[in-house]
Amino acid sequence: MCMTDDKTLSELCSKGDGKAREELYRRYSPRLLSLCMRYMPDYPSAEDAMHDAFVRILESIGKYRWNGEGSLYSWMARVTINWCFDSVKKRRRIRTSLIEDADALGLLADEGEDDVGRVPAEQLVRMVEELPEGYRTVFKLFVIDGLSHKEIGKLLKIKEKSSASNLARARAILAAKIKEYESDR
């Protein structure tokens with residue numbers, strides 16, 4: 001399938017046409033990946049961000065309004081850049097929270113020690129992803145999304161105290177993982 005113009009392509013995509021969506025992906029994914037590479041720390045992260053942004057694009061393409069030639073890519077680029085910024089912010093929030101927890105436990109080096117003992121952000125993110133699902137979910141909702149234990153409880157249909165307990169357990173596991181990482185260095 002090869003659409004002749006972006007307007008027709010976007011209209012078909014908004015109606016759920018699978019072939020049009022494939023064409024949209026083939027036509028724009030290389031440019032959007034290149035865009036993601038500017039904002040993400042590495043190629044795999046950029047590729048993940050581009051795919052995630054594309055899902056968001058396809059979910060919201062019905063909101064797109066044709067504004068002349070080039071407007072479809074401009075709209076898609078804005079969605080993609082916003083997705084990248086959100087992803088980077090979330091990574092920073094995870095890293096900041098983990099560093100604060102590790103620092104409170106005395107697991108990180110003092111400022112003047114040439115970052116000896118600092119855990120790389122990518123490693124911290126991996127540690128979070130290795131948490132048991134319930135702990136990981138509460139940790140992300142609390143740390144990344146900034147929800148209160150009351151909000152998390154309602155969302156997950158658990159008690160507020162269970163949310164706080166899961167967060168404490170997640171932090172304890174992460175502290176142990178950080179300590180183990182530090183001792184292996």
# chains A, B, ... in the order shown; residues from 1 in each chain; ligands from 1
call {"tool": "residues_around", "arguments": {"residues": "region 146-162 of chain A", "least_positions_apart": "6", "cutoff": "10 Å", "atoms": "only C-alpha atoms", "output": "number ranges by chain"}}
result
A: 93, 134, 137-140, 168
call {"tool": "residues_around", "arguments": {"residues": "Asp184 (chain A)", "least_positions_apart": "5", "cutoff": "12 Å", "atoms": "only C-alpha atoms", "output": "list in words"}}
result
Gly117, Val119, Lys177, Ile178 and Lys179 of chain A
call {"tool": "closest_residue", "arguments": {"among": "A:Glu11, A:Tyr135, A:Ser74, A:Gly62", "to": "Ser165 (chain A)", "atoms": "only C-alpha atoms"}}
result
A:Tyr135
call {"tool": "closest_residue", "arguments": {"among": "A:Arg27, A:Lys19, A:Arg169, A:Arg56", "to": "Asp5 (chain A)", "atoms": "only C-alpha atoms"}}
result
A:Arg27
call {"tool": "select_by_dssp", "arguments": {"residues": "region 20-175 of chain A", "states": "alpha helix (DSSP H)", "output": "ChimeraX atom specification"}}
result
/A:20-39,43-60,71-104,121-129,133-139,149-156,160-175
call {"tool": "closest_residue", "arguments": {"among": "A:Glu47, A:Glu122, A:Asp52, A:Glu22", "to": "Val79 (chain A)", "atoms": "only C-alpha atoms"}}
result
A:Asp52
call {"tool": "residues_around", "arguments": {"residues": "Tyr25 (chain A)", "least_positions_apart": "3", "cutoff": "12 Å", "atoms": "only C-alpha atoms", "output": "PyMOL selection string"}}
result
chain A and resi 1-2+9-10+13+18-22+28-33+50-51+53-55+57-58+73+76
call {"tool": "closest_residue", "arguments": {"among": "A:Lys7, A:Pro120, A:Val125, A:Asp48", "to": "Asn67 (chain A)", "atoms": "only C-alpha atoms"}}
result
A:Lys7
call {"tool": "atom_distance", "arguments": {"atom1": "CA of Asp42 (chain A)", "atom2": "CA of Lys89 (chain A)"}}
result
15.5 Å
call {"tool": "atom_distance", "arguments": {"atom1": "CA of Ala170 (chain A)", "atom2": "CA of Leu141 (chain A)"}}
result
12.1 Å
call {"tool": "atom_distance", "arguments": {"atom1": "CA of Thr8 (chain A)", "atom2": "CA of Ala46 (chain A)"}}
result
28.4 Å
call {"tool": "decode", "arguments": {"residues": "region 6-43 of chain A", "atoms": "N, CA and C atoms", "output": "compact mmCIF listing (two decimals), in the first residue's frame"}}
result
# COMPACT_ATOMS: atom_id res chain seq x y z
N ASP A 6 -0.58 12.49 2.96
CA ASP A 6 -0.68 12.29 4.41
C ASP A 6 -2.10 12.46 4.92
N LYS A 7 -2.87 13.34 4.28
CA LYS A 7 -4.24 13.58 4.74
C LYS A 7 -5.07 12.30 4.64
N THR A 8 -5.01 11.65 3.49
CA THR A 8 -5.75 10.40 3.29
C THR A 8 -5.23 9.33 4.25
N LEU A 9 -3.93 9.26 4.39
CA LEU A 9 -3.32 8.27 5.28
C LEU A 9 -3.78 8.47 6.72
N SER A 10 -3.78 9.70 7.19
CA SER A 10 -4.20 9.96 8.57
C SER A 10 -5.67 9.65 8.77
N GLU A 11 -6.50 9.95 7.78
CA GLU A 11 -7.93 9.65 7.89
C GLU A 11 -8.18 8.15 7.97
N LEU A 12 -7.48 7.39 7.14
CA LEU A 12 -7.63 5.93 7.17
C LEU A 12 -7.11 5.36 8.50
N CYS A 13 -6.01 5.90 8.99
CA CYS A 13 -5.47 5.44 10.28
C CYS A 13 -6.45 5.69 11.40
N SER A 14 -7.11 6.85 11.38
CA SER A 14 -8.05 7.18 12.45
C SER A 14 -9.27 6.26 12.42
N LYS A 15 -9.53 5.66 11.27
CA LYS A 15 -10.64 4.69 11.15
C LYS A 15 -10.19 3.27 11.49
N GLY A 16 -8.90 3.12 11.84
CA GLY A 16 -8.40 1.80 12.24
C GLY A 16 -7.92 0.93 11.10
N ASP A 17 -7.70 1.49 9.92
CA ASP A 17 -7.24 0.72 8.77
C ASP A 17 -5.83 0.20 9.02
N GLY A 18 -5.67 -1.11 9.11
CA GLY A 18 -4.39 -1.73 9.42
C GLY A 18 -3.31 -1.45 8.39
N LYS A 19 -3.68 -1.51 7.13
CA LYS A 19 -2.70 -1.27 6.07
C LYS A 19 -2.21 0.18 6.09
N ALA A 20 -3.12 1.09 6.38
CA ALA A 20 -2.74 2.51 6.47
C ALA A 20 -1.80 2.72 7.65
N ARG A 21 -2.07 2.05 8.76
CA ARG A 21 -1.21 2.17 9.93
C ARG A 21 0.19 1.61 9.64
N GLU A 22 0.24 0.50 8.92
CA GLU A 22 1.54 -0.05 8.52
C GLU A 22 2.29 0.92 7.63
N GLU A 23 1.58 1.53 6.70
CA GLU A 23 2.20 2.52 5.81
C GLU A 23 2.70 3.72 6.59
N LEU A 24 1.91 4.20 7.54
CA LEU A 24 2.33 5.33 8.38
C LEU A 24 3.62 4.98 9.11
N TYR A 25 3.67 3.77 9.66
CA TYR A 25 4.88 3.33 10.38
C TYR A 25 6.08 3.25 9.42
N ARG A 26 5.88 2.62 8.27
CA ARG A 26 6.99 2.51 7.30
C ARG A 26 7.47 3.89 6.84
N ARG A 27 6.55 4.78 6.65
CA ARG A 27 6.88 6.10 6.13
C ARG A 27 7.61 6.97 7.17
N TYR A 28 7.20 6.88 8.43
CA TYR A 28 7.71 7.84 9.41
C TYR A 28 8.58 7.27 10.52
N SER A 29 8.61 5.97 10.71
CA SER A 29 9.40 5.43 11.83
C SER A 29 10.89 5.77 11.72
N PRO A 30 11.51 5.76 10.54
CA PRO A 30 12.94 6.13 10.51
C PRO A 30 13.19 7.57 10.99
N ARG A 31 12.33 8.50 10.57
CA ARG A 31 12.50 9.90 10.99
C ARG A 31 12.24 10.07 12.48
N LEU A 32 11.23 9.35 12.99
CA LEU A 32 10.91 9.47 14.41
C LEU A 32 11.99 8.82 15.27
N LEU A 33 12.57 7.72 14.77
CA LEU A 33 13.67 7.10 15.50
C LEU A 33 14.86 8.05 15.56
N SER A 34 15.14 8.71 14.47
CA SER A 34 16.22 9.69 14.44
C SER A 34 15.96 10.81 15.45
N LEU A 35 14.72 11.22 15.54
CA LEU A 35 14.32 12.25 16.51
C LEU A 35 14.55 11.75 17.94
N CYS A 36 14.15 10.52 18.21
CA CYS A 36 14.32 9.94 19.55
C CYS A 36 15.79 9.83 19.93
N MET A 37 16.64 9.57 18.95
CA MET A 37 18.07 9.42 19.21
C MET A 37 18.67 10.72 19.78
N ARG A 38 18.05 11.84 19.48
CA ARG A 38 18.55 13.12 20.00
C ARG A 38 18.29 13.29 21.49
N TYR A 39 17.26 12.61 21.99
CA TYR A 39 16.83 12.83 23.36
C TYR A 39 17.09 11.67 24.31
N MET A 40 17.27 10.49 23.77
CA MET A 40 17.44 9.30 24.61
C MET A 40 18.92 8.96 24.75
N PRO A 41 19.30 8.29 25.84
CA PRO A 41 20.72 8.06 26.13
C PRO A 41 21.41 7.05 25.22
N ASP A 42 20.65 6.14 24.59
CA ASP A 42 21.28 5.13 23.74
C ASP A 42 20.28 4.64 22.70
N TYR A 43 20.78 3.83 21.75
CA TYR A 43 19.93 3.36 20.66
C TYR A 43 18.75 2.51 21.14
